[in-house]
Amino acid sequence: MLRAMADRLDISQRKKDHLALCAGDNVNFREKTSLFEQVELIHNALPEMHADAVDSHIDLLGKRLAAPIIVAAMTGGTDEAAQINQDLARAANTLGLGFGLGSQRAMFVRPHTAWTFKVREQAPDVLLLGNLGLVQARTMSSAQIIELCRETGSDALCIHLNPAMEIVQPGGDRDFSSGLDTIRRLVAELPIPIVVKETGCGLSRGVASLIKACGVHHVDVSGSGGTSWVAVEAHRAVDETERLLADELWDWGIPTAASLVQLQGLGLQAIATGGVRSGTDIAKALALGAVAGGLAAPVLKAHRAGGYDGALAFLQRLIHTVRSIMLLTGSRDVAAMQRAPRILGPALARWVP
């Protein structure tokens with residue numbers, strides 16, 4: 001009983017720590033980048049269309065989005081998290097974008113925090129992505145997971161993989177067995193689609209192939225180059241051994257652009273998160289085959305600086321940039337943007353399978 005109480009308190013503090021750290025600039029990868037700087041899109045001086053003819057709509061996970069942009073999984077479980085979730089979900093709903101909840105483990109362990117994840121009242125039409133760790137899902141029944149999704153009204157459930165983060169986290173998980181069996185069970189038994197996502201370390205072609213064999217059609221590569229969750233835990237470490245390990249693994253992972261090229265030809269719908277900071281990055285991700293781009297830390301910082309209005313303005317600029325680059329590459333729709341000519345630099349080209 002005492003251990004369960006300690007776990008509940010620890011999750012609450014951890015969520016507060018994560019928010020504070022991710023709003024700063026000292027948890028980014030040190031040397032490794034997303035490799036989007038290795039993608040050059042070719043300018044089309046004769047696009048032969050009006051700017052208003054650009055169609056940035058996509059159909060994703062049963063919803064139609066006005067632009068291929070998702071406010072990626074961020075937070076939950078605290079009063080501050082509730083306000084952030086409600087504001088950002090409302091902004092995404094207003095603009096026709098997707099929105100991802102933070103890990104709902106806190107909601108399961110501490111049911112009284114469930115309200116911090118509930119955004120449907122503010123965002124009735126948004127594409128809403130639930131979120132649960134694979135290790136936690138393994139120990140839960142499908143009925144329990146279905147109830148978590150029902151409570152939030154999620155359209156799909158992201159199952160996140162985060163072994164690097166867990167092994168450096170104080171009190172983190174160490175048993176990562178039976179993951180594929182768990183994914184197969186959820187695909188078979190949940191009434192909503194499953195999105196398998198990493199947490200800042202990327203998906204390789206081999207892992208993506210295993211995920212696809214489980215019946216999954218959507219993944220979020222969540223590669224390296226943005227926030228390093230290993231770095232986040234390095235700042236939280238109190239044990240010297242944990243801190244040294246986190247410091248050693250600070251830059252661990254597959255760059256986001258590299259993960260996208262690794263997945264080409266597998267037939268998966270890939271969302272690109274991890275080091276995506278601008279509309280240009282989103283356009284480059286589309287040109288590498290992504291169906292959408294997602295970002296979290298830049299939206300959080302915009303919200304910290306200007307609240308709901310600041311986040312809304314930032315997301316509007318993203319949409320405008322993506323649509324402008326679609327015009328400048330002669331891409332009338334997102335499918336055409338995915339086929340847009342591009343040149344890969346040598347550091348990224350070596351990842352092409």
# chains A, B, ... in the order shown; residues from 1 in each chain; ligands from 1
$ residues_around --residues "range 246-257 of chain A" --least-positions-apart "4" --cutoff "8 Å" --atoms "only C-alpha atoms" --output "ChimeraX atom specification"
/A:29-36,164,168,200-204,221-225,228,230-231,233-234,242,261,272-275,285,288,348
$ residues_around --residues "range 159-162 of chain A" --least-positions-apart "4" --cutoff "9 Å" --atoms "only C-alpha atoms" --output "list in words"
Ser103, Gly130, Asn131, Leu132, Gly133, Leu134, Val135, Ala137, Glu166, Ile167, Ile183, Ile194, Val195, Val196, Lys197, Glu198, Thr199, Gly200, Cys201, Asp220 and Trp229 of chain A
$ closest_residue --among "A:Leu260, A:Val232, A:Leu97, A:Ala89" --to "Leu60 in chain A" --atoms "only C-alpha atoms"
A:Leu97
$ select_by_dssp --residues "range 93-230 of chain A" --states "strand (DSSP E)" --output "number ranges by chain"
A: 98-100, 127-133, 156-160, 194-197, 218-220
$ write_last_selection --atoms "all heavy atoms" --output "short mmCIF file (atom, residue, chain, number, x, y, z; two decimals), in the first residue's frame"
data_model
loop_
_atom_site.label_atom_id
_atom_site.label_comp_id
_atom_site.auth_asym_id
_atom_site.auth_seq_id
_atom_site.Cartn_x
_atom_site.Cartn_y
_atom_site.Cartn_z
N GLY A 98 -4.61 17.69 -35.52
CA GLY A 98 -4.72 16.60 -34.56
C GLY A 98 -4.12 17.00 -33.23
O GLY A 98 -3.32 17.94 -33.13
N PHE A 99 -4.49 16.25 -32.17
CA PHE A 99 -3.97 16.54 -30.84
C PHE A 99 -3.72 15.24 -30.08
O PHE A 99 -4.56 14.35 -30.07
CB PHE A 99 -4.95 17.40 -30.04
CG PHE A 99 -4.49 17.68 -28.63
CD1 PHE A 99 -3.50 18.61 -28.38
CD2 PHE A 99 -5.04 16.98 -27.56
CE1 PHE A 99 -3.06 18.86 -27.09
CE2 PHE A 99 -4.60 17.22 -26.27
CZ PHE A 99 -3.61 18.15 -26.02
N GLY A 100 -2.54 15.15 -29.46
CA GLY A 100 -2.17 13.96 -28.71
C GLY A 100 -2.08 14.20 -27.22
O GLY A 100 -1.48 15.19 -26.78
N LEU A 127 -9.12 15.41 -33.97
CA LEU A 127 -8.56 14.06 -33.97
C LEU A 127 -7.79 13.92 -32.66
O LEU A 127 -6.76 14.57 -32.46
CB LEU A 127 -7.62 13.86 -35.16
CG LEU A 127 -6.75 12.59 -35.10
CD1 LEU A 127 -7.60 11.33 -35.12
CD2 LEU A 127 -5.74 12.57 -36.25
N LEU A 128 -8.28 13.08 -31.76
CA LEU A 128 -7.71 12.96 -30.42
C LEU A 128 -7.01 11.62 -30.27
O LEU A 128 -7.62 10.56 -30.42
CB LEU A 128 -8.81 13.10 -29.37
CG LEU A 128 -8.36 13.06 -27.91
CD1 LEU A 128 -7.38 14.19 -27.60
CD2 LEU A 128 -9.57 13.13 -26.98
N LEU A 129 -5.72 11.69 -29.95
CA LEU A 129 -4.90 10.50 -29.80
C LEU A 129 -4.64 10.24 -28.32
O LEU A 129 -4.03 11.06 -27.64
CB LEU A 129 -3.56 10.67 -30.53
CG LEU A 129 -3.64 11.06 -32.01
CD1 LEU A 129 -2.25 11.27 -32.57
CD2 LEU A 129 -4.38 10.01 -32.81
N GLY A 130 -5.13 9.10 -27.83
CA GLY A 130 -4.81 8.68 -26.47
C GLY A 130 -3.38 8.18 -26.41
O GLY A 130 -2.69 8.08 -27.42
N ASN A 131 -2.92 7.85 -25.22
CA ASN A 131 -1.50 7.54 -25.06
C ASN A 131 -1.29 6.64 -23.84
O ASN A 131 -1.73 6.96 -22.74
CB ASN A 131 -0.72 8.86 -24.89
CG ASN A 131 0.78 8.67 -24.95
OD1 ASN A 131 1.29 7.56 -24.85
ND2 ASN A 131 1.49 9.77 -25.12
N LEU A 132 -0.59 5.53 -24.07
CA LEU A 132 -0.28 4.60 -22.98
C LEU A 132 1.03 3.89 -23.30
O LEU A 132 1.28 3.54 -24.46
CB LEU A 132 -1.41 3.58 -22.82
CG LEU A 132 -1.41 2.70 -21.57
CD1 LEU A 132 -1.58 3.54 -20.31
CD2 LEU A 132 -2.53 1.67 -21.67
N GLY A 133 1.85 3.68 -22.30
CA GLY A 133 3.11 2.97 -22.51
C GLY A 133 2.89 1.49 -22.75
O GLY A 133 1.98 0.88 -22.19
N ALA A 156 -8.02 7.27 -31.47
CA ALA A 156 -7.00 6.24 -31.66
C ALA A 156 -6.15 6.23 -30.39
O ALA A 156 -6.18 7.18 -29.60
CB ALA A 156 -6.14 6.53 -32.89
N LEU A 157 -5.40 5.14 -30.21
CA LEU A 157 -4.55 5.04 -29.03
C LEU A 157 -3.10 4.88 -29.45
O LEU A 157 -2.75 3.93 -30.16
CB LEU A 157 -4.97 3.84 -28.17
CG LEU A 157 -4.10 3.59 -26.92
CD1 LEU A 157 -4.21 4.76 -25.94
CD2 LEU A 157 -4.49 2.28 -26.25
N CYS A 158 -2.25 5.80 -28.99
CA CYS A 158 -0.82 5.66 -29.20
C CYS A 158 -0.25 4.76 -28.11
O CYS A 158 -0.48 5.01 -26.92
CB CYS A 158 -0.14 7.03 -29.14
SG CYS A 158 -0.54 8.13 -30.51
N ILE A 159 0.46 3.73 -28.52
CA ILE A 159 1.18 2.88 -27.58
C ILE A 159 2.65 3.27 -27.70
O ILE A 159 3.27 3.04 -28.74
CB ILE A 159 0.98 1.39 -27.90
CG1 ILE A 159 -0.49 1.01 -27.69
CG2 ILE A 159 1.89 0.52 -27.05
CD1 ILE A 159 -0.96 1.09 -26.24
N HIS A 160 3.18 3.87 -26.63
CA HIS A 160 4.54 4.39 -26.77
C HIS A 160 5.59 3.40 -26.26
O HIS A 160 5.39 2.69 -25.29
CB HIS A 160 4.70 5.77 -26.13
CG HIS A 160 4.58 5.82 -24.63
ND1 HIS A 160 3.45 6.26 -23.98
CD2 HIS A 160 5.48 5.51 -23.66
CE1 HIS A 160 3.65 6.22 -22.68
NE2 HIS A 160 4.87 5.76 -22.45
N ILE A 194 -4.68 1.50 -33.40
CA ILE A 194 -3.47 1.60 -32.59
C ILE A 194 -2.38 2.32 -33.41
O ILE A 194 -2.16 1.99 -34.57
CB ILE A 194 -2.96 0.21 -32.18
CG1 ILE A 194 -3.99 -0.51 -31.31
CG2 ILE A 194 -1.62 0.31 -31.45
CD1 ILE A 194 -4.28 0.17 -30.00
N VAL A 195 -1.73 3.28 -32.79
CA VAL A 195 -0.55 3.93 -33.37
C VAL A 195 0.63 3.58 -32.46
O VAL A 195 0.62 3.91 -31.28
CB VAL A 195 -0.71 5.46 -33.43
CG1 VAL A 195 0.54 6.10 -34.04
CG2 VAL A 195 -1.96 5.86 -34.19
N VAL A 196 1.62 2.89 -32.99
CA VAL A 196 2.80 2.57 -32.19
C VAL A 196 3.82 3.68 -32.39
O VAL A 196 4.16 4.02 -33.53
CB VAL A 196 3.39 1.21 -32.58
CG1 VAL A 196 4.68 0.95 -31.79
CG2 VAL A 196 2.38 0.09 -32.31
N LYS A 197 4.29 4.25 -31.29
CA LYS A 197 5.20 5.39 -31.38
C LYS A 197 6.40 5.20 -30.46
O LYS A 197 6.31 4.58 -29.41
CB LYS A 197 4.49 6.70 -31.03
CG LYS A 197 4.14 6.86 -29.55
CD LYS A 197 3.37 8.15 -29.31
CE LYS A 197 4.15 9.39 -29.64
NZ LYS A 197 5.32 9.58 -28.73
N HIS A 218 -0.40 2.30 -38.50
CA HIS A 218 0.06 3.66 -38.25
C HIS A 218 1.16 3.64 -37.20
O HIS A 218 1.04 2.96 -36.17
CB HIS A 218 -1.09 4.54 -37.75
CG HIS A 218 -2.22 4.67 -38.71
ND1 HIS A 218 -3.22 3.71 -38.83
CD2 HIS A 218 -2.51 5.63 -39.62
CE1 HIS A 218 -4.07 4.09 -39.76
NE2 HIS A 218 -3.66 5.25 -40.26
N VAL A 219 2.22 4.41 -37.45
CA VAL A 219 3.30 4.56 -36.48
C VAL A 219 3.67 6.03 -36.37
O VAL A 219 3.36 6.84 -37.24
CB VAL A 219 4.56 3.75 -36.87
CG1 VAL A 219 4.27 2.26 -36.88
CG2 VAL A 219 5.12 4.21 -38.22
N ASP A 220 4.31 6.37 -35.26
CA ASP A 220 4.90 7.69 -35.08
C ASP A 220 6.38 7.44 -34.82
O ASP A 220 6.74 6.85 -33.80
CB ASP A 220 4.25 8.40 -33.89
CG ASP A 220 4.85 9.77 -33.60
OD1 ASP A 220 5.92 10.08 -34.16
OD2 ASP A 220 4.26 10.51 -32.80
#
$ atom_distance --atom1 "CA of Ala91 in chain A" --atom2 "CA of Ala270 in chain A"
23.2 Å
$ decode --residues "range 166-212 of chain A" --atoms "C-alpha atoms" --output "short mmCIF file (atom, residue, chain, number, x, y, z; two decimals), in the first residue's frame"
data_model
loop_
_atom_site.label_atom_id
_atom_site.label_comp_id
_atom_site.auth_asym_id
_atom_site.auth_seq_id
_atom_site.Cartn_x
_atom_site.Cartn_y
_atom_site.Cartn_z
CA GLU A 166 12.93 3.94 -18.70
CA ILE A 167 16.36 2.46 -18.09
CA VAL A 168 17.75 5.83 -17.00
CA GLN A 169 14.64 6.90 -15.08
CA PRO A 170 14.76 6.62 -11.29
CA GLY A 171 12.52 3.63 -10.54
CA GLY A 172 11.86 3.11 -14.25
CA ASP A 173 10.77 -0.13 -15.91
CA ARG A 174 13.31 -2.82 -16.71
CA ASP A 175 11.16 -5.57 -18.21
CA PHE A 176 10.41 -4.98 -21.89
CA SER A 177 9.36 -8.53 -22.77
CA SER A 178 6.11 -9.59 -24.50
CA GLY A 179 5.80 -6.28 -26.33
CA LEU A 180 4.78 -7.78 -29.66
CA ASP A 181 2.22 -10.05 -28.01
CA THR A 182 0.73 -7.01 -26.29
CA ILE A 183 0.51 -5.07 -29.55
CA ARG A 184 -1.19 -8.02 -31.27
CA ARG A 185 -3.72 -8.26 -28.45
CA LEU A 186 -4.57 -4.57 -28.58
CA VAL A 187 -4.93 -4.57 -32.38
CA ALA A 188 -7.32 -7.51 -32.10
CA GLU A 189 -9.35 -6.35 -29.10
CA LEU A 190 -9.53 -2.55 -29.11
CA PRO A 191 -12.32 -0.87 -31.10
CA ILE A 192 -10.09 2.03 -32.17
CA PRO A 193 -6.86 2.08 -34.23
CA ILE A 194 -3.47 1.60 -32.59
CA VAL A 195 -0.55 3.93 -33.37
CA VAL A 196 2.80 2.57 -32.19
CA LYS A 197 5.20 5.39 -31.38
CA GLU A 198 8.68 5.81 -30.03
CA THR A 199 9.59 8.52 -27.53
CA GLY A 200 12.48 10.40 -29.07
CA CYS A 201 14.71 7.52 -30.19
CA GLY A 202 13.18 6.60 -33.56
CA LEU A 203 12.00 3.40 -35.24
CA SER A 204 14.29 1.25 -37.37
CA ARG A 205 13.12 -0.63 -40.45
CA GLY A 206 13.41 -3.94 -38.61
CA VAL A 207 11.28 -2.83 -35.67
CA ALA A 208 8.73 -1.20 -37.99
CA SER A 209 8.43 -4.47 -39.95
CA LEU A 210 7.70 -6.37 -36.72
CA ILE A 211 5.09 -3.79 -35.75
CA LYS A 212 3.41 -4.04 -39.15
#
